[in-house]
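Participant: This one is query11.cif, mmCIF, C-alpha atoms.
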data_target
#
loop_
_atom_site.label_atom_id
_atom_site.label_comp_id
_atom_site.auth_asym_id
_atom_site.auth_seq_id
_atom_site.Cartn_x
_atom_site.Cartn_y
_atom_site.Cartn_z
CA MET A 123 256.71 134.58 -43.40
CA LEU A 124 257.67 135.00 -47.04
CA LYS A 125 256.30 132.09 -49.05
CA THR A 126 258.21 130.02 -51.57
CA ARG A 127 256.96 130.87 -55.03
CA ILE A 128 256.17 128.19 -57.60
CA MET A 129 256.42 129.76 -61.05
CA PRO A 130 255.19 127.90 -64.12
CA THR A 131 257.37 128.85 -67.09
CA LEU A 132 255.73 129.36 -70.46
CA LEU A 133 258.03 129.24 -73.48
CA TYR A 134 256.72 130.79 -76.66
CA LYS A 135 257.86 130.12 -80.23
CA ASP A 136 256.11 130.29 -83.61
CA THR A 137 252.73 131.38 -82.23
CA THR A 138 252.43 128.61 -79.67
CA LEU A 139 253.79 127.40 -76.36
CA VAL A 140 256.59 124.88 -76.63
CA LYS A 141 258.71 122.77 -74.36
CA GLY A 142 261.95 121.04 -75.29
CA ALA A 143 264.86 119.28 -73.68
CA GLY A 144 268.30 120.84 -73.43
CA PHE A 145 266.88 123.90 -75.20
CA ASP A 146 266.20 121.74 -78.27
CA SER A 147 263.62 119.30 -79.73
CA TRP A 148 260.74 121.68 -79.13
CA ARG A 149 257.29 120.14 -78.77
CA ARG A 150 254.14 122.18 -79.06
CA VAL A 151 252.24 122.21 -75.79
CA GLY A 152 249.24 124.37 -76.51
CA SER A 153 248.08 127.96 -76.70
CA ALA A 154 249.58 130.69 -74.55
CA MET A 155 246.21 132.28 -73.85
CA GLN A 156 244.71 129.00 -72.71
CA ALA A 157 247.62 128.34 -70.36
CA VAL A 158 247.47 131.83 -68.86
CA LYS A 159 243.73 131.48 -68.26
CA VAL A 160 244.17 128.13 -66.52
CA TYR A 161 247.01 129.33 -64.32
CA ASN A 162 245.07 132.47 -63.46
CA MET A 163 242.09 130.39 -62.41
CA ARG A 164 244.35 128.21 -60.28
CA GLU A 165 245.82 131.33 -58.69
CA VAL A 166 249.46 130.40 -59.20
CA ASP A 167 252.05 132.54 -57.39
CA GLU A 168 253.65 134.08 -60.47
CA LEU A 169 254.05 133.35 -64.18
CA VAL A 170 257.14 133.51 -66.36
CA PHE A 171 256.57 134.03 -70.08
CA LEU A 172 259.61 133.80 -72.36
CA ASP A 173 259.53 134.42 -76.09
CA ILE A 174 262.49 132.19 -76.89
CA ALA A 175 262.62 132.99 -80.61
CA ALA A 176 262.56 136.81 -80.47
CA THR A 177 266.26 137.51 -79.96
CA ARG A 178 267.39 134.88 -82.45
CA GLU A 179 264.97 136.22 -85.03
CA GLY A 180 266.19 139.74 -84.32
CA ARG A 181 262.74 141.05 -83.45
CA ALA A 182 261.19 142.95 -80.59
CA PRO A 183 258.80 141.37 -78.08
CA ASP A 184 255.26 140.82 -79.37
CA PHE A 185 253.63 143.63 -77.42
CA ASP A 186 250.10 142.89 -78.65
CA LEU A 187 250.37 139.31 -77.50
CA ILE A 188 251.67 140.32 -74.07
CA ASP A 189 248.86 142.86 -73.83
CA ASP A 190 246.27 140.14 -74.46
CA LEU A 191 247.90 137.70 -72.03
CA ALA A 192 248.31 140.28 -69.28
CA ASP A 193 244.61 141.11 -69.53
CA GLU A 194 243.87 137.58 -68.30
CA CYS A 195 246.54 137.58 -65.65
CA PHE A 196 245.76 138.83 -62.14
CA MET A 197 248.98 137.57 -60.71
CA PRO A 198 252.52 138.79 -61.27
CA LEU A 199 253.78 138.29 -64.81
CA ALA A 200 257.47 138.26 -65.74
CA VAL A 201 258.12 138.66 -69.46
CA GLY A 202 261.29 137.99 -71.42
CA GLY A 203 262.57 137.53 -74.94
CA GLY A 204 263.80 140.12 -77.42
CA ILE A 205 264.31 142.96 -74.96
CA ARG A 206 267.04 145.26 -76.26
CA ASN A 207 266.45 148.72 -74.86
CA LEU A 208 264.52 150.89 -72.44
CA ASP A 209 261.82 151.51 -74.98
CA ASP A 210 261.01 147.78 -75.13
CA VAL A 211 260.88 147.72 -71.34
CA ARG A 212 258.56 150.72 -71.13
CA LYS A 213 256.20 149.22 -73.70
CA LEU A 214 256.12 145.86 -71.93
CA LEU A 215 255.30 147.49 -68.61
CA GLN A 216 252.62 149.58 -70.30
CA VAL A 217 250.87 146.53 -71.73
CA GLY A 218 250.84 144.78 -68.37
CA ALA A 219 254.14 143.03 -67.63
CA ASP A 220 255.23 143.37 -64.01
CA LYS A 221 258.81 142.27 -64.46
CA ILE A 222 261.22 142.20 -67.34
CA VAL A 223 263.43 139.17 -67.93
CA VAL A 224 266.74 139.92 -69.62
CA ASN A 225 269.01 137.17 -70.91
CA THR A 226 271.15 137.88 -73.99
CA ALA A 227 271.23 141.63 -73.35
CA ALA A 228 272.62 141.02 -69.84
CA VAL A 229 275.80 139.87 -71.58
CA SER A 230 275.79 141.90 -74.79
CA ARG A 231 274.62 145.17 -73.23
CA PRO A 232 274.95 144.86 -69.44
CA GLN A 233 274.42 148.60 -68.90
CA LEU A 234 270.78 148.03 -69.86
CA ILE A 235 270.27 146.43 -66.43
CA GLY A 236 271.41 149.58 -64.69
CA GLU A 237 269.25 151.72 -66.96
CA ILE A 238 266.14 149.66 -66.21
CA ALA A 239 266.88 149.66 -62.48
CA LYS A 240 267.31 153.43 -62.44
CA GLN A 241 264.13 154.17 -64.39
CA PHE A 242 261.82 151.45 -63.22
CA GLY A 243 263.47 150.04 -60.08
CA SER A 244 265.53 146.94 -59.43
CA GLN A 245 262.47 144.92 -58.49
CA CYS A 246 261.38 144.92 -62.10
CA VAL A 247 264.60 143.41 -63.56
CA VAL A 248 265.04 139.65 -63.57
CA VAL A 249 268.25 138.46 -65.18
CA SER A 250 267.95 135.02 -66.70
CA ILE A 251 271.23 133.10 -66.87
CA ASP A 252 271.38 129.93 -69.00
CA VAL A 253 274.21 127.62 -68.03
CA LYS A 254 275.82 124.50 -69.51
CA LYS A 255 278.35 122.30 -67.85
CA ASN A 256 281.76 122.24 -69.53
CA GLY A 257 283.35 118.98 -68.50
CA GLN A 258 283.00 117.85 -64.92
CA GLU A 259 283.38 120.95 -62.83
CA SER A 260 283.10 124.19 -64.72
CA TYR A 261 279.98 125.98 -65.85
CA GLU A 262 279.61 128.36 -68.77
CA VAL A 263 276.90 130.91 -69.54
CA TYR A 264 275.16 130.67 -72.92
CA VAL A 265 272.97 133.30 -74.57
CA GLU A 266 270.54 133.47 -77.52
CA SER A 267 268.39 130.62 -76.23
CA GLY A 268 271.39 128.59 -75.16
CA THR A 269 273.06 128.61 -78.58
CA GLN A 270 275.98 131.01 -78.06
CA PRO A 271 278.78 130.41 -75.54
CA THR A 272 280.02 133.51 -73.74
CA GLY A 273 283.17 132.36 -71.95
CA LEU A 274 281.61 133.70 -68.74
CA GLY A 275 281.04 131.76 -65.55
CA PRO A 276 277.60 131.97 -63.93
CA ILE A 277 278.91 133.25 -60.59
CA ALA A 278 280.85 136.11 -62.12
CA LEU A 279 277.87 137.10 -64.25
CA ALA A 280 275.40 136.80 -61.36
CA GLN A 281 277.55 139.06 -59.18
CA ARG A 282 278.03 141.55 -61.98
CA VAL A 283 274.31 141.86 -62.74
CA GLU A 284 273.52 142.12 -59.03
CA SER A 285 275.92 145.06 -58.75
CA LEU A 286 274.32 146.64 -61.83
CA GLY A 287 270.91 146.55 -60.16
CA ALA A 288 269.23 143.26 -61.05
CA GLY A 289 266.43 142.36 -58.63
CA GLU A 290 266.34 138.60 -59.14
CA ILE A 291 268.24 135.89 -60.95
CA LEU A 292 266.57 133.10 -62.88
CA ILE A 293 269.23 130.42 -63.13
CA THR A 294 268.58 127.71 -65.71
CA SER A 295 270.59 124.56 -66.29
CA VAL A 296 270.42 123.91 -70.04
CA ASP A 297 271.67 120.35 -69.44
CA ARG A 298 268.81 119.59 -67.07
CA ASP A 299 266.15 121.49 -69.02
CA GLY A 300 263.29 119.20 -69.99
CA THR A 301 264.91 116.10 -68.48
CA MET A 302 262.77 116.09 -65.34
CA GLN A 303 265.81 114.58 -63.58
CA GLY A 304 266.03 117.28 -60.96
CA TYR A 305 267.50 120.79 -60.72
CA ASP A 306 271.28 121.24 -60.83
CA VAL A 307 271.58 121.83 -57.09
CA ASP A 308 275.33 122.54 -57.22
CA LEU A 309 274.76 125.34 -59.69
CA ILE A 310 271.90 126.73 -57.63
CA SER A 311 273.81 126.68 -54.37
CA GLN A 312 276.89 128.28 -55.93
CA VAL A 313 274.87 131.14 -57.39
CA ALA A 314 272.62 131.57 -54.33
CA GLU A 315 275.69 131.83 -52.13
CA ALA A 316 277.37 134.34 -54.41
CA VAL A 317 274.55 136.93 -54.43
CA SER A 318 272.11 138.39 -51.93
CA ILE A 319 269.18 138.91 -54.31
CA PRO A 320 266.58 136.13 -54.71
CA VAL A 321 267.52 133.23 -56.97
CA ILE A 322 264.87 131.35 -58.95
CA ALA A 323 265.82 127.75 -59.73
CA SER A 324 265.04 126.53 -63.23
CA GLY A 325 265.75 123.51 -65.41
CA GLY A 326 265.11 119.89 -64.55
CA ALA A 327 262.20 119.83 -62.10
CA GLY A 328 260.42 116.51 -62.47
CA ASN A 329 258.72 116.06 -59.14
CA TYR A 330 257.99 117.79 -55.85
CA ALA A 331 261.03 116.29 -54.12
CA HIS A 332 263.26 118.01 -56.68
CA MET A 333 261.71 121.30 -55.63
CA ALA A 334 262.56 120.70 -51.99
CA GLU A 335 266.17 119.93 -53.01
CA ALA A 336 266.47 123.25 -54.83
CA LEU A 337 265.11 125.13 -51.82
CA ARG A 338 267.62 123.42 -49.54
CA ALA A 339 270.31 124.50 -52.01
CA GLY A 340 269.31 128.12 -51.45
CA ALA A 341 266.71 128.91 -54.12
CA SER A 342 264.05 131.46 -53.15
CA ALA A 343 261.59 130.41 -55.83
CA LEU A 344 261.05 127.51 -58.21
CA ALA A 345 260.38 127.65 -61.92
CA ALA A 346 259.11 124.56 -63.69
CA ALA A 347 257.62 123.72 -67.07
CA SER A 348 257.79 120.08 -68.19
CA MET A 349 256.45 118.65 -64.95
CA PHE A 350 253.36 120.82 -65.31
CA HIS A 351 252.97 120.31 -69.08
CA PHE A 352 253.62 116.56 -69.24
CA THR A 353 252.61 115.11 -65.87
CA GLU A 354 249.59 115.32 -63.62
CA GLN A 355 251.53 117.31 -61.03
CA THR A 356 250.30 120.82 -60.23
CA PRO A 357 251.68 123.96 -58.57
CA CYS A 358 249.05 123.61 -55.87
CA GLU A 359 250.08 120.05 -54.95
CA ALA A 360 253.72 121.12 -55.02
CA LYS A 361 252.94 123.68 -52.36
CA LEU A 362 251.13 121.15 -50.19
CA TYR A 363 254.13 118.82 -50.44
CA LEU A 364 256.62 121.59 -49.65
CA ARG A 365 254.57 122.71 -46.69
CA GLU A 366 254.76 119.18 -45.27
CA GLN A 367 258.53 119.40 -45.75
CA GLY A 368 258.64 122.50 -43.58
CA PHE A 369 258.74 125.21 -46.26
CA ALA A 370 256.34 128.13 -46.12
CA THR A 371 253.99 128.15 -49.10
CA ARG A 372 250.78 129.96 -49.99
CA ILE A 373 247.94 127.49 -50.16
CA MET B 299 229.31 155.52 -60.40
CA THR B 300 232.35 156.90 -58.66
CA ARG B 301 235.34 157.78 -60.77
CA THR B 302 238.67 156.39 -59.62
CA VAL B 303 241.53 158.40 -61.04
CA ILE B 304 244.75 156.43 -61.52
CA ILE B 305 247.79 158.66 -61.73
CA ASP B 306 250.07 157.98 -64.67
CA TYR B 307 253.63 159.14 -64.20
CA GLY B 308 255.02 157.18 -67.09
CA LEU B 309 256.93 154.52 -65.22
CA CYS B 310 254.81 151.52 -64.54
CA ASN B 311 252.22 148.94 -65.32
CA LEU B 312 248.90 150.79 -65.09
CA ASP B 313 246.90 148.28 -67.03
CA SER B 314 246.73 145.82 -64.16
CA ILE B 315 245.40 148.27 -61.61
CA ALA B 316 242.90 149.71 -64.07
CA ARG B 317 241.61 146.25 -64.94
CA ALA B 318 241.44 145.25 -61.29
CA ILE B 319 239.40 148.34 -60.41
CA GLU B 320 237.07 147.71 -63.31
CA ASP B 321 236.67 144.08 -62.24
CA CYS B 322 235.81 145.28 -58.74
CA GLY B 323 232.98 147.42 -60.11
CA GLY B 324 234.81 150.75 -60.25
CA ASP B 325 235.21 153.27 -63.04
CA PRO B 326 238.97 153.67 -63.53
CA PHE B 327 240.39 156.63 -65.38
CA VAL B 328 244.12 156.61 -66.13
CA THR B 329 245.57 160.06 -66.61
CA ALA B 330 248.66 162.24 -66.43
CA ASP B 331 246.50 165.39 -66.58
CA PRO B 332 246.22 167.23 -63.23
CA LYS B 333 242.83 168.68 -64.27
CA ALA B 334 241.30 165.20 -64.24
CA LEU B 335 241.55 165.19 -60.46
CA ARG B 336 238.66 167.68 -60.26
CA GLN B 337 236.23 164.89 -61.07
CA ALA B 338 237.88 162.27 -58.91
CA SER B 339 235.95 160.57 -56.15
CA LYS B 340 238.91 158.22 -55.44
CA VAL B 341 242.57 158.52 -56.28
CA VAL B 342 245.08 155.72 -56.77
CA LEU B 343 248.81 156.36 -57.06
CA PRO B 344 250.26 153.09 -58.28
CA GLY B 345 253.81 152.24 -58.60
CA VAL B 346 256.80 150.45 -59.35
CA GLY B 347 259.77 152.48 -60.32
CA ALA B 348 262.39 154.75 -58.96
CA PHE B 349 261.45 157.41 -56.40
CA SER B 350 263.28 160.42 -57.81
CA GLU B 351 262.18 159.75 -61.41
CA ALA B 352 258.60 159.44 -60.21
CA MET B 353 258.70 162.67 -58.18
CA ASN B 354 260.32 164.53 -61.06
CA ASN B 355 257.56 163.43 -63.38
CA LEU B 356 254.82 164.32 -60.89
CA ARG B 357 256.30 167.79 -60.28
CA LYS B 358 256.93 168.53 -63.96
CA SER B 359 253.33 167.87 -64.92
CA GLY B 360 251.92 169.86 -62.00
CA MET B 361 250.38 166.64 -60.74
CA SER B 362 252.00 166.84 -57.30
CA ASP B 363 250.25 170.13 -56.46
CA ALA B 364 246.96 168.96 -57.91
CA LEU B 365 247.20 165.75 -55.88
CA SER B 366 247.88 167.59 -52.64
CA GLN B 367 244.95 169.88 -53.30
CA CYS B 368 242.62 166.97 -54.05
CA VAL B 369 243.71 164.57 -51.32
CA VAL B 370 245.02 166.71 -48.47
CA GLU B 371 242.69 169.70 -48.81
CA ARG B 372 239.52 168.14 -50.22
CA GLY B 373 239.93 164.82 -48.38
CA ILE B 374 239.30 162.53 -51.36
CA PRO B 375 240.09 158.89 -50.44
CA PHE B 376 243.59 158.03 -51.63
CA LEU B 377 245.39 154.73 -52.04
CA GLY B 378 249.13 154.64 -52.70
CA ILE B 379 250.46 151.32 -53.89
CA CYS B 380 254.08 150.28 -53.39
CA LEU B 381 256.11 153.23 -54.72
CA GLY B 382 252.87 155.22 -54.56
CA MET B 383 252.93 154.63 -50.78
CA HIS B 384 256.55 155.76 -50.59
CA LEU B 385 255.88 158.96 -52.52
CA ILE B 386 253.53 160.31 -49.82
CA ALA B 387 256.40 160.20 -47.32
CA GLN B 388 258.92 162.99 -46.92
CA GLY B 389 261.83 161.24 -48.60
CA GLY B 390 264.61 159.07 -47.32
CA GLU B 391 267.14 156.52 -48.43
CA GLU B 392 265.30 155.63 -51.61
CA SER B 393 264.97 159.16 -52.87
CA GLY B 394 268.49 160.55 -52.88
CA GLU B 395 268.02 164.31 -53.00
CA ALA B 396 264.39 164.17 -54.06
CA GLU B 397 261.65 165.16 -51.66
CA GLY B 398 258.43 163.21 -51.51
CA LEU B 399 254.92 164.63 -51.32
CA GLY B 400 255.33 164.75 -47.54
CA TRP B 401 251.69 164.06 -46.63
CA ILE B 402 252.66 161.74 -43.82
CA ASN B 403 255.47 162.04 -41.34
CA ALA B 404 257.50 159.12 -42.64
CA LYS B 405 260.78 158.19 -44.22
CA VAL B 406 261.52 155.61 -46.88
CA MET B 407 264.28 153.27 -45.76
CA LYS B 408 266.13 150.35 -47.32
CA MET B 409 265.12 146.92 -46.00
CA LYS B 410 267.85 145.29 -43.92
CA PRO B 411 267.95 141.50 -43.64
CA GLN B 412 267.83 140.14 -40.10
CA LEU B 413 268.10 136.46 -41.01
CA PRO B 414 270.48 134.68 -43.39
CA GLU B 415 267.64 133.53 -45.65
CA GLU B 416 266.21 137.03 -46.02
CA ARG B 417 267.10 138.43 -49.42
CA ILE B 418 266.45 141.88 -50.85
CA PRO B 419 264.32 142.71 -52.82
CA HIS B 420 261.52 141.23 -50.74
CA VAL B 421 259.71 139.39 -53.53
CA GLY B 422 256.69 137.16 -53.25
CA TRP B 423 253.65 136.43 -51.11
CA ASN B 424 253.74 137.38 -47.47
CA GLU B 425 251.28 137.98 -44.65
CA VAL B 426 249.68 141.28 -43.81
CA ASN B 427 248.40 141.79 -40.28
CA ALA B 428 246.19 144.84 -40.33
CA ILE B 429 245.05 146.65 -37.20
CA GLU B 430 241.47 146.02 -36.20
CA GLY B 431 238.79 148.14 -37.74
CA MET B 432 240.68 149.13 -40.88
CA PRO B 433 237.88 149.59 -43.42
CA ILE B 434 239.97 148.49 -46.43
CA PHE B 435 240.68 145.14 -44.68
CA GLU B 436 237.05 144.37 -43.93
CA GLY B 437 236.32 140.71 -44.71
CA ILE B 438 240.00 139.88 -45.19
CA ARG B 439 241.43 137.24 -42.90
CA PRO B 440 244.22 138.51 -40.62
CA GLY B 441 247.50 137.21 -41.97
CA ALA B 442 246.21 136.78 -45.53
CA ASP B 443 249.01 136.69 -48.12
CA PHE B 444 249.55 139.57 -50.52
CA TYR B 445 252.12 139.99 -53.29
CA PHE B 446 255.17 142.14 -52.52
CA VAL B 447 258.08 143.26 -54.66
CA HIS B 448 260.23 146.01 -53.15
CA SER B 449 263.56 146.91 -51.55
CA TYR B 450 262.45 149.92 -49.49
CA TYR B 451 259.78 150.40 -46.84
CA VAL B 452 258.08 153.26 -45.04
CA GLN B 453 259.21 154.02 -41.52
CA CYS B 454 256.63 156.12 -39.71
CA ALA B 455 255.13 157.10 -36.37
CA PRO B 456 253.19 154.25 -34.66
CA ARG B 457 249.88 156.09 -35.02
CA LEU B 458 250.16 155.83 -38.81
CA VAL B 459 250.89 152.08 -38.84
CA ALA B 460 247.79 150.22 -40.00
CA GLY B 461 249.36 146.88 -40.87
CA THR B 462 252.64 145.00 -40.65
CA THR B 463 254.41 142.15 -42.42
CA PRO B 464 257.00 139.76 -40.98
CA TYR B 465 260.22 140.27 -42.96
CA CYS B 466 263.50 141.90 -41.97
CA GLY B 467 262.28 141.99 -38.38
CA GLY B 468 258.80 143.17 -39.38
CA PHE B 469 257.94 146.30 -41.34
CA THR B 470 254.99 148.60 -41.91
CA SER B 471 253.06 147.30 -44.91
CA VAL B 472 249.97 149.48 -44.49
CA VAL B 473 249.79 153.14 -43.45
CA ALA B 474 246.63 155.12 -42.86
CA ASP B 475 245.91 158.70 -41.89
CA LYS B 476 242.22 159.44 -42.31
CA ASN B 477 241.51 159.46 -46.08
CA ILE B 478 245.15 158.78 -46.96
CA MET B 479 246.12 155.12 -47.22
CA GLY B 480 249.17 153.33 -48.51
CA VAL B 481 249.95 149.66 -49.02
CA GLN B 482 253.38 148.21 -49.70
CA PHE B 483 252.01 145.17 -51.54
CA HIS B 484 250.20 145.02 -54.88
CA PRO B 485 246.48 144.42 -54.33
CA GLU B 486 245.98 144.30 -58.11
CA LYS B 487 248.29 141.27 -58.25
CA SER B 488 247.11 139.60 -55.06
CA GLN B 489 244.08 137.76 -56.38
CA LYS B 490 241.14 137.33 -53.95
CA PRO B 491 242.34 139.27 -50.89
CA GLY B 492 243.70 141.97 -53.19
CA PHE B 493 240.43 142.37 -55.00
CA ARG B 494 238.55 142.47 -51.72
CA LEU B 495 240.79 145.30 -50.58
CA ILE B 496 240.13 147.22 -53.80
CA GLN B 497 236.37 146.68 -53.41
CA ASN B 498 236.60 147.96 -49.83
CA PHE B 499 238.50 151.02 -51.01
CA LEU B 500 235.96 151.73 -53.74
CA ALA B 501 233.19 151.49 -51.15
CA LEU B 502 234.69 154.18 -48.88
#
Starting from the file, lay out its structure as structure tokens.

Facilitator:
Amino acid sequence: MLKTRIMPTLLYKDTTLVKGAGFDSWRRVGSAMQAVKVYNMREVDELVFLDIAATREGRAPDFDLIDDLADECFMPLAVGGGIRNLDDVRKLLQVGADKIVVNTAAVSRPQLIGEIAKQFGSQCVVVSIDVKKNGQESYEVYVESGTQPTGLGPIALAQRVESLGAGEILITSVDRDGTMQGYDVDLISQVAEAVSIPVIASGGAGNYAHMAEALRAGASALAAASMFHFTEQTPCEAKLYLREQGFATRI
Amino acid sequence: MTRTVIIDYGLCNLDSIARAIEDCGGDPFVTADPKALRQASKVVLPGVGAFSEAMNNLRKSGMSDALSQCVVERGIPFLGICLGMHLIAQGGEESGEAEGLGWINAKVMKMKPQLPEERIPHVGWNEVNAIEGMPIFEGIRPGADFYFVHSYYVQCAPRLVAGTTPYCGGFTSVVADKNIMGVQFHPEKSQKPGFRLIQNFLAL
């Protein structure tokens, strides 16, 4: 049976890993290399590495850094931040990324998704969708690290990128990010129902029970950052808990 | 030391497989040059990517002929990984008009979900149940998890099936025909069982 993936998310800004709340108030949480080494030793299911400053600073991904990190990483590595064209994608794959995470470009240049899928296959394109709640009911997609509203709804965007060839969707609630109050399960279930590609839940995980909630809402995989940076909880214990709850995990 | 030639067709992450082979005690050599196959004692065709682009690149460089000569005629042990496993088939739904290398009697088909929770691509860790006596699975527990990321699979004659994985009703995740082997998962990303498989392959 396919196992539920637990994916620690590493956010990178100004030469170090950071973690904030609501995509703001960034705290430094240590070196990227150190984190990759630890997670590699613990044999986590997959890692997500996002350079959250690249697009806003108008620069390309830091290929040398990714090269160094990938050298320590014998599990799948998804890399995002600053990806604008096929050349960036090719270079990232060459230095050791397994998947490419596209966020701002999925809105500003959606044809890039199709181009990546055609050249490198759908399985290598993860579209990251950052969402804020507008009022009670409606959701809106934001880009450029959650700073720019797009006027798009997450379902419409998720369906569009699926049809363009995206292989997975990383859906992040900006409101829940860093709060450790739990994933936005409504958002997750709406998106998971709307597409047939795997959906990775992100934003708000604070404990193992939150992870089970997101899986019941239809998530195929779980991304988490704060609960691993700031608490004693670990991906391995999460999987033991989820297994007890009846979910298949890789122990 | 035996030289393991890793075929570069310009579309994928080759660093990981090269590092994994090195870590497993092998001598990896990444190349797009068909002549390099003359010195090969093992050949790895890695892969993510799109079938037709990959075949075009292999044909353009003359690599497809050199590969056939090396693997099919000389019998050098060959491991195709993911798309590299698909490329040794004849073609199929993944390839459009493109023909594969055609070393095994097999077609590449799109995965079709059988259960509501089954999504495509098939991404993540899943079991591999290899047939008994497969040398590359020596010392690997039956049902060990390997890392998959793909939307297509190889459909082939039962005699070529060397391992299966439970998804979409069960599919062939390992094929073997003498020196020619293919795995749907990524051993280079599958940690301990993956590295064991690579060590076993290097020891052939």

Participant: Pick the closest to Met432 of chain B from B:Ile379, B:Ala460, B:Val341, B:Ala352: which is it, counting all atoms listed in the file?

Facilitator: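 When distances to Met432 of chain B are compared using all atoms listed in the file, the smallest one comes from B:Ala460.
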
Participant: Apply the PyMOL selection byres ((chain A and resi 281-296) around 8) to the displayed file and report the matching residues as a tab-separated table (two decimals) with C-alpha atoms, in the frame of the given file.

Facilitator:
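Below is the file expr_10.tsv, written as the result:
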chain	number	residue	atom	x	y	z
A	144	GLY	CA	268.30	120.84	-73.43
A	145	PHE	CA	266.88	123.90	-75.20
A	228	ALA	CA	272.62	141.02	-69.84
A	232	PRO	CA	274.95	144.86	-69.44
A	233	GLN	CA	274.42	148.60	-68.90
A	235	ILE	CA	270.27	146.43	-66.43
A	236	GLY	CA	271.41	149.58	-64.69
A	239	ALA	CA	266.88	149.66	-62.48
A	244	SER	CA	265.53	146.94	-59.43
A	245	GLN	CA	262.47	144.92	-58.49
A	246	CYS	CA	261.38	144.92	-62.10
A	247	VAL	CA	264.60	143.41	-63.56
A	248	VAL	CA	265.04	139.65	-63.57
A	249	VAL	CA	268.25	138.46	-65.18
A	250	SER	CA	267.95	135.02	-66.70
A	251	ILE	CA	271.23	133.10	-66.87
A	252	ASP	CA	271.38	129.93	-69.00
A	253	VAL	CA	274.21	127.62	-68.03
A	254	LYS	CA	275.82	124.50	-69.51
A	268	GLY	CA	271.39	128.59	-75.16
A	277	ILE	CA	278.91	133.25	-60.59
A	278	ALA	CA	280.85	136.11	-62.12
A	279	LEU	CA	277.87	137.10	-64.25
A	280	ALA	CA	275.40	136.80	-61.36
A	297	ASP	CA	271.67	120.35	-69.44
A	298	ARG	CA	268.81	119.59	-67.07
A	299	ASP	CA	266.15	121.49	-69.02
A	305	TYR	CA	267.50	120.79	-60.72
A	306	ASP	CA	271.28	121.24	-60.83
A	309	LEU	CA	274.76	125.34	-59.69
A	310	ILE	CA	271.90	126.73	-57.63
A	316	ALA	CA	277.37	134.34	-54.41
A	317	VAL	CA	274.55	136.93	-54.43
A	319	ILE	CA	269.18	138.91	-54.31
A	320	PRO	CA	266.58	136.13	-54.71
A	321	VAL	CA	267.52	133.23	-56.97
A	322	ILE	CA	264.87	131.35	-58.95
A	323	ALA	CA	265.82	127.75	-59.73
A	324	SER	CA	265.04	126.53	-63.23
A	325	GLY	CA	265.75	123.51	-65.41
A	326	GLY	CA	265.11	119.89	-64.55
B	418	ILE	CA	266.45	141.88	-50.85
B	419	PRO	CA	264.32	142.71	-52.82

Participant: Give the residues of chain B that lie within 10 Å of chain A; count only C-alpha atoms, and format the answer as a PyMOL selection string.

Facilitator: chain B and resi 308-315+317-318+345-352+381+411+414-426+441-449+463-465+468+484-490+492-493

Participant: Which residues are close to Cys454 of chain B, i.e. within 10 Å by all atoms listed in the file, leaving aside same-chain residues fewer than 5 positions away? Reply as an mmCIF file with C-alpha atoms, in the coordinates of the input.

Facilitator:
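In the end it all went to result.cif:
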data_model
loop_
_atom_site.group_PDB
_atom_site.id
_atom_site.type_symbol
_atom_site.label_atom_id
_atom_site.label_comp_id
_atom_site.auth_asym_id
_atom_site.auth_seq_id
_atom_site.Cartn_x
_atom_site.Cartn_y
_atom_site.Cartn_z
ATOM 1 C CA ALA B 387 256.400 160.200 -47.320
ATOM 2 C CA ILE B 402 252.660 161.740 -43.820
ATOM 3 C CA ASN B 403 255.470 162.040 -41.340
ATOM 4 C CA ALA B 404 257.500 159.120 -42.640
ATOM 5 C CA LYS B 405 260.780 158.190 -44.220
ATOM 6 C CA VAL B 406 261.520 155.610 -46.880
ATOM 7 C CA VAL B 459 250.890 152.080 -38.840
ATOM 8 C CA THR B 470 254.990 148.600 -41.910
ATOM 9 C CA VAL B 473 249.790 153.140 -43.450
#

Participant: Give me the residues within 9 Å of Met361 of chain B as a count of residues only, counting only C-alpha atoms and dropping any in the same chain fewer than 2 places off.

Facilitator: 16

Participant: Spell out the residues picked by the PyMOL selection byres ((chain B and resi 383) around 10) here, as a PyMOL selection string.

Facilitator: chain B and resi 342-345+376-382+384-387+402+406+451-452+471-473+478-483

Participant: Please dump the current selection as a compact mmCIF listing (two decimals), keeping the file's coordinate frame; keep C-alpha atoms.

Facilitator:
# COMPACT_ATOMS: atom_id res chain seq x y z
CA VAL B 342 245.08 155.72 -56.77
CA LEU B 343 248.81 156.36 -57.06
CA PRO B 344 250.26 153.09 -58.28
CA GLY B 345 253.81 152.24 -58.60
CA PHE B 376 243.59 158.03 -51.63
CA LEU B 377 245.39 154.73 -52.04
CA GLY B 378 249.13 154.64 -52.70
CA ILE B 379 250.46 151.32 -53.89
CA CYS B 380 254.08 150.28 -53.39
CA LEU B 381 256.11 153.23 -54.72
CA GLY B 382 252.87 155.22 -54.56
CA HIS B 384 256.55 155.76 -50.59
CA LEU B 385 255.88 158.96 -52.52
CA ILE B 386 253.53 160.31 -49.82
CA ALA B 387 256.40 160.20 -47.32
CA ILE B 402 252.66 161.74 -43.82
CA VAL B 406 261.52 155.61 -46.88
CA TYR B 451 259.78 150.40 -46.84
CA VAL B 452 258.08 153.26 -45.04
CA SER B 471 253.06 147.30 -44.91
CA VAL B 472 249.97 149.48 -44.49
CA VAL B 473 249.79 153.14 -43.45
CA ILE B 478 245.15 158.78 -46.96
CA MET B 479 246.12 155.12 -47.22
CA GLY B 480 249.17 153.33 -48.51
CA VAL B 481 249.95 149.66 -49.02
CA GLN B 482 253.38 148.21 -49.70
CA PHE B 483 252.01 145.17 -51.54
